[in-house]
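**Q** Dropping in structure_31.tsv, which is TSV, C-alpha atoms and all ligand atoms:
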```tsv
chain	number	residue	atom	x	y	z
A	5	MET	CA	24.96	-18.43	-128.25
A	6	THR	CA	21.33	-18.62	-129.37
A	7	SER	CA	18.24	-17.54	-127.50
A	8	MET	CA	17.24	-21.22	-127.31
A	9	THR	CA	20.25	-22.09	-125.18
A	10	ALA	CA	19.60	-21.79	-121.48
A	11	LEU	CA	22.71	-20.57	-119.76
A	12	ASN	CA	23.33	-19.65	-116.16
A	13	ALA	CA	24.87	-16.29	-115.28
A	14	THR	CA	28.38	-17.73	-115.50
A	15	GLY	CA	27.83	-19.30	-118.91
A	16	GLU	CA	26.19	-16.19	-120.32
A	17	SER	CA	28.97	-13.93	-119.17
A	18	ILE	CA	31.65	-16.22	-120.55
A	19	ALA	CA	29.85	-16.61	-123.88
A	20	ARG	CA	29.66	-12.84	-124.31
A	21	GLU	CA	33.30	-12.36	-123.44
A	22	GLU	CA	34.37	-15.11	-125.84
A	23	ALA	CA	32.22	-13.66	-128.62
A	24	TRP	CA	33.13	-9.99	-128.22
A	25	GLY	CA	36.47	-9.87	-126.42
A	26	ALA	CA	39.87	-10.67	-127.93
A	27	HIS	CA	41.21	-14.01	-126.70
A	28	ASN	CA	44.57	-12.86	-125.35
A	29	TYR	CA	44.03	-14.62	-122.00
A	30	HIS	CA	43.01	-18.13	-120.88
A	31	PRO	CA	41.21	-17.40	-117.59
A	32	LEU	CA	39.76	-19.88	-115.15
A	33	ASP	CA	36.03	-19.98	-115.80
A	34	LEU	CA	34.57	-18.23	-112.80
A	35	VAL	CA	32.95	-14.83	-113.13
A	36	ILE	CA	33.73	-12.60	-110.18
A	37	ALA	CA	31.03	-10.19	-109.08
A	38	HIS	CA	32.19	-9.06	-105.64
A	39	ALA	CA	35.33	-9.11	-103.52
A	40	GLU	CA	36.45	-8.18	-100.02
A	41	GLY	CA	39.82	-8.72	-98.38
A	42	ALA	CA	41.26	-12.03	-99.55
A	43	TRP	CA	37.91	-13.40	-100.74
A	44	VAL	CA	36.00	-13.09	-104.00
A	45	THR	CA	32.41	-14.14	-104.78
A	46	ASP	CA	31.26	-15.23	-108.23
A	47	VAL	CA	27.94	-14.49	-109.96
A	48	GLU	CA	26.52	-17.79	-108.61
A	49	GLY	CA	27.31	-16.73	-105.03
A	50	ARG	CA	30.25	-19.15	-104.61
A	51	ARG	CA	33.15	-17.86	-102.51
A	52	TYR	CA	36.83	-18.36	-103.28
A	53	LEU	CA	40.06	-17.46	-101.50
A	54	ASP	CA	42.13	-15.39	-103.93
A	55	CYS	CA	45.67	-16.78	-104.03
A	56	LEU	CA	46.76	-14.71	-107.03
A	57	SER	CA	45.92	-11.17	-105.85
A	58	ALA	CA	45.71	-9.88	-109.44
A	59	TYR	CA	49.43	-10.63	-109.84
A	60	SER	CA	50.11	-8.82	-106.54
A	61	ALA	CA	48.13	-5.68	-107.41
A	62	VAL	CA	45.81	-6.22	-104.44
A	63	ASN	CA	48.40	-6.80	-101.70
A	64	GLN	CA	46.21	-4.62	-99.43
A	65	GLY	CA	43.20	-6.89	-100.08
A	66	HIS	CA	40.24	-6.36	-102.41
A	67	CYS	CA	38.21	-3.18	-101.99
A	68	HIS	CA	40.15	-1.99	-98.96
A	69	PRO	CA	37.72	0.35	-97.15
A	70	ARG	CA	40.24	3.14	-96.54
A	71	ILE	CA	41.48	3.16	-100.15
A	72	LEU	CA	37.86	3.05	-101.33
A	73	ALA	CA	37.01	6.06	-99.15
A	74	THR	CA	39.94	7.99	-100.63
A	75	LEU	CA	38.89	7.03	-104.17
A	76	VAL	CA	35.32	8.24	-103.62
A	77	GLU	CA	36.36	11.40	-101.79
A	78	GLN	CA	38.96	12.42	-104.39
A	79	ALA	CA	36.72	11.42	-107.32
A	80	SER	CA	34.05	13.79	-106.05
A	81	ARG	CA	36.52	16.72	-106.05
A	82	VAL	CA	38.83	16.43	-109.07
A	83	THR	CA	40.07	13.38	-111.02
A	84	LEU	CA	42.20	14.65	-113.88
A	85	THR	CA	44.00	17.91	-114.51
A	86	SER	CA	46.63	16.70	-117.00
A	87	ARG	CA	50.16	17.84	-116.32
A	88	ALA	CA	49.43	21.07	-118.17
A	89	PHE	CA	48.26	22.29	-114.76
A	90	ARG	CA	49.29	21.31	-111.25
A	91	ASN	CA	47.23	19.35	-108.74
A	92	GLU	CA	47.47	19.24	-104.96
A	93	GLN	CA	48.06	15.45	-104.72
A	94	LEU	CA	51.09	15.06	-107.02
A	95	GLY	CA	53.73	16.72	-104.86
A	96	ALA	CA	52.72	14.85	-101.71
A	97	PHE	CA	52.61	11.54	-103.58
A	98	CYS	CA	56.10	12.07	-105.02
A	99	GLU	CA	57.53	13.09	-101.65
A	100	GLU	CA	56.00	10.14	-99.81
A	101	LEU	CA	56.99	7.55	-102.42
A	102	ALA	CA	60.54	8.89	-102.83
A	103	THR	CA	60.97	8.88	-99.04
A	104	LEU	CA	59.71	5.29	-98.81
A	105	CYS	CA	62.30	4.28	-101.42
A	106	GLY	CA	65.16	6.34	-99.95
A	107	MET	CA	65.28	8.23	-103.24
A	108	GLU	CA	64.99	11.82	-104.45
A	109	MET	CA	62.53	11.95	-107.35
A	110	VAL	CA	59.46	10.23	-108.77
A	111	LEU	CA	58.08	10.10	-112.31
A	112	PRO	CA	54.48	8.84	-112.20
A	113	MET	CA	52.90	6.82	-114.99
A	114	ASN	CA	49.91	4.45	-115.15
A	115	THR	CA	50.69	0.85	-116.07
A	116	GLY	CA	53.76	-1.20	-115.24
A	117	ALA	CA	54.87	-1.47	-118.85
A	118	GLU	CA	54.79	2.34	-119.17
A	119	ALA	CA	56.98	2.69	-116.09
A	120	VAL	CA	59.46	0.16	-117.55
A	121	GLU	CA	59.47	2.16	-120.81
A	122	THR	CA	60.10	5.30	-118.75
A	123	ALA	CA	63.05	3.64	-116.98
A	124	ILE	CA	64.48	2.59	-120.36
A	125	LYS	CA	64.16	6.15	-121.67
A	126	ALA	CA	65.74	7.58	-118.51
A	127	ALA	CA	68.63	5.09	-118.66
A	128	ARG	CA	69.35	5.82	-122.33
A	129	ARG	CA	69.25	9.60	-121.81
A	130	TRP	CA	71.48	9.24	-118.76
A	131	GLY	CA	73.87	7.20	-120.91
A	132	TYR	CA	74.09	9.92	-123.57
A	133	MET	CA	73.95	13.00	-121.31
A	134	ARG	CA	76.00	11.82	-118.30
A	135	LYS	CA	78.17	8.95	-119.58
A	136	ASN	CA	78.85	10.30	-123.09
A	137	ILE	CA	77.81	7.13	-124.87
A	138	PRO	CA	77.86	7.79	-128.66
A	139	GLN	CA	74.42	8.71	-130.04
A	140	ASP	CA	72.06	5.73	-130.53
A	141	ALA	CA	74.68	3.23	-129.29
A	142	ALA	CA	73.41	2.70	-125.72
A	143	THR	CA	72.70	-0.87	-124.67
A	144	ILE	CA	70.73	-2.28	-121.75
A	145	ILE	CA	71.43	-5.73	-120.30
A	146	ALA	CA	68.37	-7.76	-119.31
A	147	PHE	CA	67.91	-11.42	-118.35
A	148	ASP	CA	66.63	-14.61	-119.93
A	149	ASN	CA	63.03	-15.41	-118.87
A	150	ASN	CA	62.36	-11.78	-117.96
A	151	PHE	CA	58.88	-10.31	-117.78
A	152	HIS	CA	58.68	-6.52	-117.96
A	153	GLY	CA	55.37	-5.97	-119.78
A	154	ARG	CA	53.82	-6.11	-123.22
A	155	THR	CA	54.83	-3.09	-125.30
A	156	THR	CA	56.66	-3.75	-128.57
A	157	THR	CA	60.00	-2.55	-127.15
A	158	ILE	CA	59.64	-4.72	-124.06
A	159	VAL	CA	58.52	-7.94	-125.78
A	160	GLY	CA	61.39	-7.33	-128.22
A	161	PHE	CA	63.86	-8.30	-125.49
A	162	SER	CA	61.76	-11.15	-124.06
A	163	SER	CA	63.10	-14.69	-124.39
A	164	GLU	CA	59.57	-16.13	-124.43
A	165	PRO	CA	58.46	-17.05	-127.96
A	166	SER	CA	54.72	-16.61	-127.26
A	167	TYR	CA	55.30	-12.99	-126.12
A	168	ARG	CA	57.25	-12.16	-129.31
A	169	ALA	CA	55.86	-14.15	-132.22
A	170	HIS	CA	54.81	-11.96	-135.18
A	171	PHE	CA	55.21	-8.66	-133.29
A	172	GLY	CA	58.50	-7.59	-134.84
A	173	PRO	CA	60.46	-5.68	-135.98
A	174	PHE	CA	61.82	-4.95	-132.52
A	175	ALA	CA	63.85	-2.11	-131.03
A	176	PRO	CA	67.60	-2.79	-130.91
A	177	GLY	CA	69.84	-2.03	-127.94
A	178	PHE	CA	69.12	-4.92	-125.57
A	179	VAL	CA	71.36	-7.85	-124.61
A	180	LEU	CA	70.12	-10.92	-122.72
A	181	VAL	CA	72.20	-12.97	-120.29
A	182	PRO	CA	71.29	-15.92	-118.02
A	183	PHE	CA	69.53	-14.90	-114.78
A	184	GLY	CA	71.85	-15.08	-111.79
A	185	ASP	CA	75.05	-15.32	-113.85
A	186	LEU	CA	77.37	-12.49	-112.81
A	187	ALA	CA	80.19	-13.53	-115.15
A	188	ALA	CA	77.76	-13.33	-118.08
A	189	VAL	CA	76.71	-9.80	-117.05
A	190	ARG	CA	80.35	-8.75	-116.77
A	191	ALA	CA	81.13	-10.22	-120.19
A	192	ALA	CA	78.15	-8.43	-121.76
A	193	MET	CA	79.14	-5.00	-120.38
A	194	THR	CA	80.80	-2.53	-122.73
A	195	SER	CA	81.52	1.18	-122.50
A	196	ASN	CA	78.12	1.65	-124.21
A	197	THR	CA	76.16	-0.17	-121.51
A	198	CYS	CA	73.89	2.31	-119.73
A	199	ALA	CA	71.87	-0.04	-117.52
A	200	VAL	CA	71.10	-3.51	-116.23
A	201	LEU	CA	67.36	-4.19	-115.94
A	202	ILE	CA	66.40	-6.94	-113.49
A	203	GLU	CA	63.48	-8.43	-111.61
A	204	PRO	CA	65.08	-9.27	-108.24
A	205	ILE	CA	62.84	-12.35	-108.27
A	206	GLN	CA	61.49	-13.49	-111.66
A	207	CYS	CA	57.84	-13.99	-110.73
A	208	GLU	CA	56.25	-14.67	-114.13
A	209	ALA	CA	59.09	-17.06	-115.03
A	210	GLY	CA	57.99	-19.22	-112.09
A	211	VAL	CA	59.28	-17.42	-108.98
A	212	LEU	CA	62.97	-17.82	-109.80
A	213	ILE	CA	65.19	-16.53	-106.98
A	214	PRO	CA	68.79	-15.64	-107.90
A	215	PRO	CA	71.69	-17.23	-105.99
A	216	ASP	CA	72.49	-15.61	-102.60
A	217	GLY	CA	74.78	-12.65	-103.06
A	218	PHE	CA	73.97	-12.17	-106.74
A	219	LEU	CA	72.13	-8.86	-106.31
A	220	THR	CA	74.88	-7.53	-104.02
A	221	ASP	CA	77.58	-8.48	-106.53
A	222	LEU	CA	75.53	-7.13	-109.44
A	223	ALA	CA	75.07	-3.78	-107.68
A	224	ALA	CA	78.83	-3.59	-107.00
A	225	LEU	CA	79.64	-4.44	-110.63
A	226	CYS	CA	77.22	-1.77	-111.89
A	227	ARG	CA	78.77	0.83	-109.59
A	228	GLU	CA	82.30	-0.10	-110.69
A	229	ARG	CA	81.40	0.15	-114.40
A	230	ASN	CA	79.20	3.27	-114.08
A	231	VAL	CA	76.09	1.37	-115.19
A	232	LEU	CA	72.61	2.02	-113.74
A	233	LEU	CA	70.92	-0.85	-111.89
A	234	ILE	CA	67.17	-0.80	-112.61
A	235	ALA	CA	65.04	-2.99	-110.32
A	236	ASP	CA	61.66	-3.89	-111.77
A	237	GLU	CA	59.81	-4.33	-108.45
A	238	ILE	CA	56.37	-3.99	-110.03
A	239	GLN	CA	55.37	-7.41	-108.67
A	240	THR	CA	57.98	-8.09	-105.95
A	241	GLY	CA	57.79	-4.63	-104.38
A	242	LEU	CA	55.54	-3.19	-101.67
A	243	GLY	CA	55.68	-6.12	-99.30
A	244	ARG	CA	55.05	-9.15	-101.45
A	245	THR	CA	58.32	-10.95	-100.65
A	246	GLY	CA	58.41	-10.19	-96.91
A	247	ASN	CA	60.42	-6.99	-97.25
A	248	MET	CA	59.30	-3.64	-98.64
A	249	PHE	CA	61.36	-4.44	-101.74
A	250	ALA	CA	62.89	-7.74	-102.86
A	251	CYS	CA	66.25	-5.91	-103.20
A	252	ASP	CA	66.13	-5.37	-99.41
A	253	HIS	CA	66.79	-9.09	-98.86
A	254	GLU	CA	70.39	-8.31	-99.84
A	255	GLY	CA	70.47	-4.71	-98.61
A	256	VAL	CA	70.76	-3.51	-102.21
A	257	GLN	CA	69.63	-0.02	-103.24
A	258	PRO	CA	69.19	0.06	-107.04
A	259	ASP	CA	69.60	3.28	-109.04
A	260	MET	CA	65.97	3.10	-110.14
A	261	TYR	CA	62.93	1.35	-108.74
A	262	VAL	CA	60.12	0.56	-111.16
A	263	LEU	CA	56.84	0.19	-109.28
A	264	GLY	CA	53.21	-0.48	-110.17
A	265	LYS	CA	50.52	-3.02	-109.28
A	266	ALA	CA	50.05	-2.71	-105.46
A	267	LEU	CA	51.02	0.98	-105.63
A	268	SER	CA	47.29	1.64	-105.94
A	269	GLY	CA	46.00	-1.40	-104.03
A	270	GLY	CA	44.20	-2.51	-107.17
A	271	PHE	CA	41.87	0.48	-107.50
A	272	TYR	CA	43.39	2.39	-110.32
A	273	PRO	CA	46.45	1.99	-112.59
A	274	VAL	CA	49.32	3.85	-110.92
A	275	SER	CA	52.98	3.17	-111.69
A	276	ALA	CA	56.18	5.10	-111.13
A	277	VAL	CA	59.91	5.27	-111.60
A	278	VAL	CA	61.70	6.31	-108.41
A	279	SER	CA	65.30	7.42	-108.62
A	280	SER	CA	67.89	10.13	-108.00
A	281	ARG	CA	67.93	13.74	-109.21
A	282	ASP	CA	70.94	12.78	-111.35
A	283	VAL	CA	68.92	10.16	-113.27
A	284	LEU	CA	65.39	11.62	-113.43
A	285	GLY	CA	66.90	15.05	-113.98
A	286	VAL	CA	67.59	14.00	-117.58
A	287	PHE	CA	63.94	14.71	-118.37
A	288	GLY	CA	63.02	18.27	-119.23
A	289	PRO	CA	59.67	19.67	-120.39
A	290	GLY	CA	58.53	17.98	-123.59
A	291	SER	CA	60.82	14.94	-123.29
A	292	HIS	CA	58.30	12.55	-121.75
A	293	GLY	CA	54.74	12.51	-120.49
A	294	SER	CA	51.37	10.89	-120.01
A	295	THR	CA	47.87	12.40	-119.97
A	296	PHE	CA	46.82	10.38	-116.93
A	297	GLY	CA	50.22	9.98	-115.25
A	298	GLY	CA	50.31	11.85	-111.92
A	299	ASN	CA	46.59	12.56	-111.92
A	300	PRO	CA	45.09	13.55	-108.55
A	301	LEU	CA	42.81	10.52	-108.29
A	302	GLY	CA	45.67	8.06	-108.83
A	303	CYS	CA	48.01	9.99	-106.54
A	304	ALA	CA	45.45	10.17	-103.71
A	305	VAL	CA	44.64	6.46	-104.04
A	306	ALA	CA	48.35	5.52	-104.07
A	307	ARG	CA	49.08	7.64	-100.99
A	308	THR	CA	46.42	5.78	-99.02
A	309	ALA	CA	47.50	2.41	-100.47
A	310	LEU	CA	51.05	3.05	-99.18
A	311	ARG	CA	49.75	4.19	-95.78
A	312	VAL	CA	47.69	0.99	-95.46
A	313	LEU	CA	50.83	-1.13	-96.04
A	314	ASP	CA	52.46	0.61	-93.11
A	315	ASP	CA	49.50	0.95	-90.74
A	316	GLU	CA	48.49	-2.71	-91.12
A	317	HIS	CA	52.07	-4.02	-90.92
A	318	LEU	CA	51.57	-5.86	-94.20
A	319	VAL	CA	55.28	-6.29	-94.90
A	320	GLU	CA	55.74	-8.08	-91.57
A	321	ARG	CA	52.61	-10.17	-92.18
A	322	SER	CA	54.04	-11.20	-95.54
A	323	ALA	CA	57.30	-12.32	-93.92
A	324	VAL	CA	55.67	-14.25	-91.08
A	325	LEU	CA	52.75	-15.84	-92.96
A	326	GLY	CA	54.98	-16.51	-95.97
A	327	ALA	CA	57.55	-18.43	-93.92
A	328	TRP	CA	54.73	-20.48	-92.40
A	329	LEU	CA	53.15	-21.13	-95.82
A	330	LEU	CA	56.46	-22.21	-97.38
A	331	ALA	CA	57.14	-24.66	-94.55
A	332	GLU	CA	53.60	-26.10	-94.79
A	333	VAL	CA	53.70	-26.51	-98.56
A	334	ARG	CA	57.08	-28.25	-98.26
A	335	THR	CA	55.43	-31.00	-96.17
A	336	ILE	CA	53.11	-31.95	-99.07
A	337	GLN	CA	54.35	-35.16	-100.64
A	338	HIS	CA	53.57	-35.93	-104.28
A	339	PRO	CA	55.63	-37.54	-107.05
A	340	SER	CA	54.87	-34.63	-109.43
A	341	ILE	CA	56.25	-31.95	-107.07
A	342	VAL	CA	59.74	-31.10	-108.33
A	343	ALA	CA	60.46	-28.08	-106.15
A	344	VAL	CA	58.86	-25.70	-103.67
A	345	ARG	CA	60.36	-22.23	-103.27
A	346	GLY	CA	59.33	-18.79	-102.18
A	347	ARG	CA	59.97	-15.59	-100.33
A	348	GLY	CA	57.32	-13.89	-98.24
A	349	LEU	CA	53.78	-14.54	-99.45
A	350	MET	CA	55.02	-15.62	-102.88
A	351	VAL	CA	55.34	-19.39	-102.92
A	352	ALA	CA	55.78	-21.55	-106.02
A	353	ILE	CA	55.18	-25.25	-106.47
A	354	GLU	CA	56.99	-26.55	-109.54
A	355	LEU	CA	55.56	-29.73	-111.05
A	356	SER	CA	56.83	-32.30	-113.52
A	357	GLU	CA	53.45	-32.10	-115.27
A	358	GLN	CA	50.97	-29.40	-116.34
A	359	ALA	CA	49.87	-27.14	-113.48
A	360	ARG	CA	46.56	-26.09	-115.07
A	361	PRO	CA	44.54	-29.19	-114.03
A	362	TYR	CA	45.67	-28.64	-110.42
A	363	CYS	CA	44.52	-25.01	-110.61
A	364	GLU	CA	41.13	-26.22	-111.92
A	365	LEU	CA	40.82	-28.69	-109.02
A	366	LEU	CA	41.80	-26.00	-106.52
A	367	LYS	CA	39.11	-23.76	-107.98
A	368	GLU	CA	36.52	-26.50	-107.39
A	369	ARG	CA	37.64	-26.46	-103.75
A	370	GLY	CA	37.39	-22.67	-103.52
A	371	VAL	CA	41.03	-21.65	-103.92
A	372	LEU	CA	42.08	-19.45	-106.84
A	373	CYS	CA	45.54	-19.89	-108.32
A	374	LYS	CA	46.75	-19.46	-111.85
A	375	GLU	CA	49.41	-21.60	-113.46
A	376	THR	CA	52.63	-19.83	-114.36
A	377	HIS	CA	54.48	-21.04	-117.46
A	378	ASP	CA	52.72	-24.42	-117.61
A	379	PHE	CA	54.47	-26.18	-114.73
A	380	VAL	CA	54.30	-23.83	-111.74
A	381	ILE	CA	51.49	-23.17	-109.26
A	382	ARG	CA	52.02	-19.80	-107.59
A	383	LEU	CA	50.47	-18.94	-104.23
A	384	SER	CA	50.35	-15.20	-103.56
A	385	PRO	CA	47.27	-14.25	-101.51
A	386	PRO	CA	46.60	-10.67	-100.43
A	387	LEU	CA	48.88	-9.76	-97.53
A	388	VAL	CA	45.79	-9.19	-95.35
A	389	VAL	CA	44.82	-12.89	-95.60
A	390	ARG	CA	43.71	-14.30	-92.24
A	391	GLU	CA	45.87	-17.07	-90.79
A	392	ALA	CA	42.91	-19.44	-90.53
A	393	ASP	CA	42.04	-18.84	-94.20
A	394	LEU	CA	45.61	-19.53	-95.27
A	395	ALA	CA	45.61	-22.74	-93.24
A	396	TRP	CA	42.34	-23.72	-94.91
A	397	ALA	CA	43.90	-23.08	-98.35
A	398	VAL	CA	46.83	-25.36	-97.46
A	399	GLU	CA	44.32	-28.10	-96.53
A	400	GLN	CA	42.68	-27.71	-99.97
A	401	LEU	CA	46.11	-27.96	-101.59
A	402	ARG	CA	46.84	-31.12	-99.60
A	403	GLY	CA	43.46	-32.49	-100.67
A	404	VAL	CA	44.18	-31.88	-104.35
A	405	PHE	CA	47.56	-33.61	-104.18
A	406	ASN	CA	46.27	-36.49	-102.07
A	407	ASP	CA	43.32	-37.33	-104.36
B	1	LIG	C1	52.98	-7.01	-114.19
B	1	LIG	C2	54.40	-6.70	-114.44
B	1	LIG	C3	54.79	-5.75	-115.40
B	1	LIG	C4	53.80	-5.05	-116.32
B	1	LIG	O1	52.83	-4.35	-115.64
B	1	LIG	P1	51.46	-3.93	-116.42
B	1	LIG	O2	50.76	-3.05	-115.45
B	1	LIG	O3	50.74	-5.20	-116.70
B	1	LIG	O4	51.88	-3.22	-117.66
B	1	LIG	C5	56.14	-5.46	-115.52
B	1	LIG	N1	57.06	-6.08	-114.78
B	1	LIG	C6	56.73	-7.01	-113.86
B	1	LIG	C7	57.79	-7.66	-113.03
B	1	LIG	C8	55.40	-7.37	-113.67
B	1	LIG	O5	55.07	-8.32	-112.79
```
Will you turn the file into structure tokens for me?
**A**
Amino acid sequence: MTSMTALNATGESIAREEAWGAHNYHPLDLVIAHAEGAWVTDVEGRRYLDCLSAYSAVNQGHCHPRILATLVEQASRVTLTSRAFRNEQLGAFCEELATLCGMEMVLPMNTGAEAVETAIKAARRWGYMRKNIPQDAATIIAFDNNFHGRTTTIVGFSSEPSYRAHFGPFAPGFVLVPFGDLAAVRAAMTSNTCAVLIEPIQCEAGVLIPPDGFLTDLAALCRERNVLLIADEIQTGLGRTGNMFACDHEGVQPDMYVLGKALSGGFYPVSAVVSSRDVLGVFGPGSHGSTFGGNPLGCAVARTALRVLDDEHLVERSAVLGAWLLAEVRTIQHPSIVAVRGRGLMVAIELSEQARPYCELLKERGVLCKETHDFVIRLSPPLVVREADLAWAVEQLRGVFND
């Protein structure tokens, strides 16, 4: 950009980001300056209905006033103690989150990928200390098309070439099987298997829902073979799919929940592994940690974010509005629509052509969606979205497909 080029606020902001920021994303070109509830406003003053919710990190809606008040209040008292000392928020956070999950212990971290790494470490230690797997022989079964984050260990067991290319060498000890294929899981299990790691719905792969009964059968198989079932509910958890957890659709209690994203309502990175004393008890002092994990600001924010889910009945809203949205989207007729599927306020439209141009057209009409894996449009608005706004978004969707 030169000083001779006249750019509006949007163009200037984008030019700076392109010049100075690494290009590891391909965002839609709007520059958000303000947000409230389900709506965002760009630097030109245009308003958009957010149908991505920061990948379900803002289930409670943008800038929720109660979470904001907690953030400000706690930030004015103490933000970070490190775990070298104790803070008055950590114990309450762990108790409240463990109780919500029907579990016994919590290990707090910051980002989702860190919590997945923590679950992997816990599962391996459990394998060596409790199951007597020979040293360095533990394996974890994961699924084709998984998304568990971006660390080198995690992308090492991804099946997506763009996540992996030129990042090796990768950590050994992972086996991939087709999603939803119980026989393949059984065949992959050995006496050295310590865990199965699953997203109960594969969101980033395009909202892939396993066959009915699969999670129930998988949980039974894991129990029978003394293998831990780890549910990565970072995106599906905390109300997104119309239940508190996606595992609840089949009444399944995993051995470990991995949570993140909406755990803080979008204010602050807070993630956690939630499990039993038997599993998280494998960690002793010095074996694992994080400077920011369990900090009082994050814990206070997360406690309020969880209370908002309950007080505003957001899980029920997700179930009711999601069922309505799915039925409405299914009435849209277009030759490129291959499939429509969803659970709660997570609805996917799979196309036989690129989804990106449709997302661009939706943006022009004031609806923000992001394509998932080229061919899928995902609709996942904040769970606080007003019914009339959701109905308006469906009309914009209809308009895009009818033009
Ligand atoms: C977003 C996500 C992650 C990674 O979380 P980050 O906070 O981006 O590290 C892991 N698993 C699932 C299912 C996710 O959706």
**Q** I'd like the contact shell of segment 37-44 of chain A - 10 Å cut-off, all atoms listed in the file, skipping same-chain residues fewer than 4 positions apart - returned as an MDAnalysis selection string.
**A** chainID A and resid 48:57 62:69 370:372 385:390 393:394
**Q** Between A:Leu313, A:Ile336, A:Ala142, A:Ile158, single out the one closest to Val231 of chain A, counting all atoms listed in the file.
**A**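 The closest residue to Val231 of chain A is A:Ala142.
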**Q** What residues have any atom no more than 7 Å from ligand LIG 1 (chain B) when counting only C-alpha atoms and all ligand atoms, and can you list them as an MDAnalysis selection string?
**A** chainID A and resid 59 115:118 120 151:154 203 207:208 236:239 264:265
**Q** Counting only C-alpha atoms, find residues at most 7 Å from (59.4, -9.6, -99.2) (file frame) and give them as a PyMOL selection string.
**A** chain A and resi 243-250+319+322-323+347-348
**Q** Could you name the residues that touch Val110 of chain A at 12 Å or less, counting all atoms listed in the file, but leaving out those on the same chain fewer than 4 positions away, as an MDAnalysis selection string?
**A** chainID A and resid 94:106 119 122:123 126 260:263 275:281 283:285 287 297:298 303
**Q** Using only C-alpha atoms, which of the listed residues (A:Leu11, A:Leu75, A:Ala26, A:Val351) sits closest to Ile205 of chain A?
**A**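 Going through A:Leu11, A:Leu75, A:Ala26, A:Val351 one by one, the smallest distance to Ile205 of chain A is for A:Val351.
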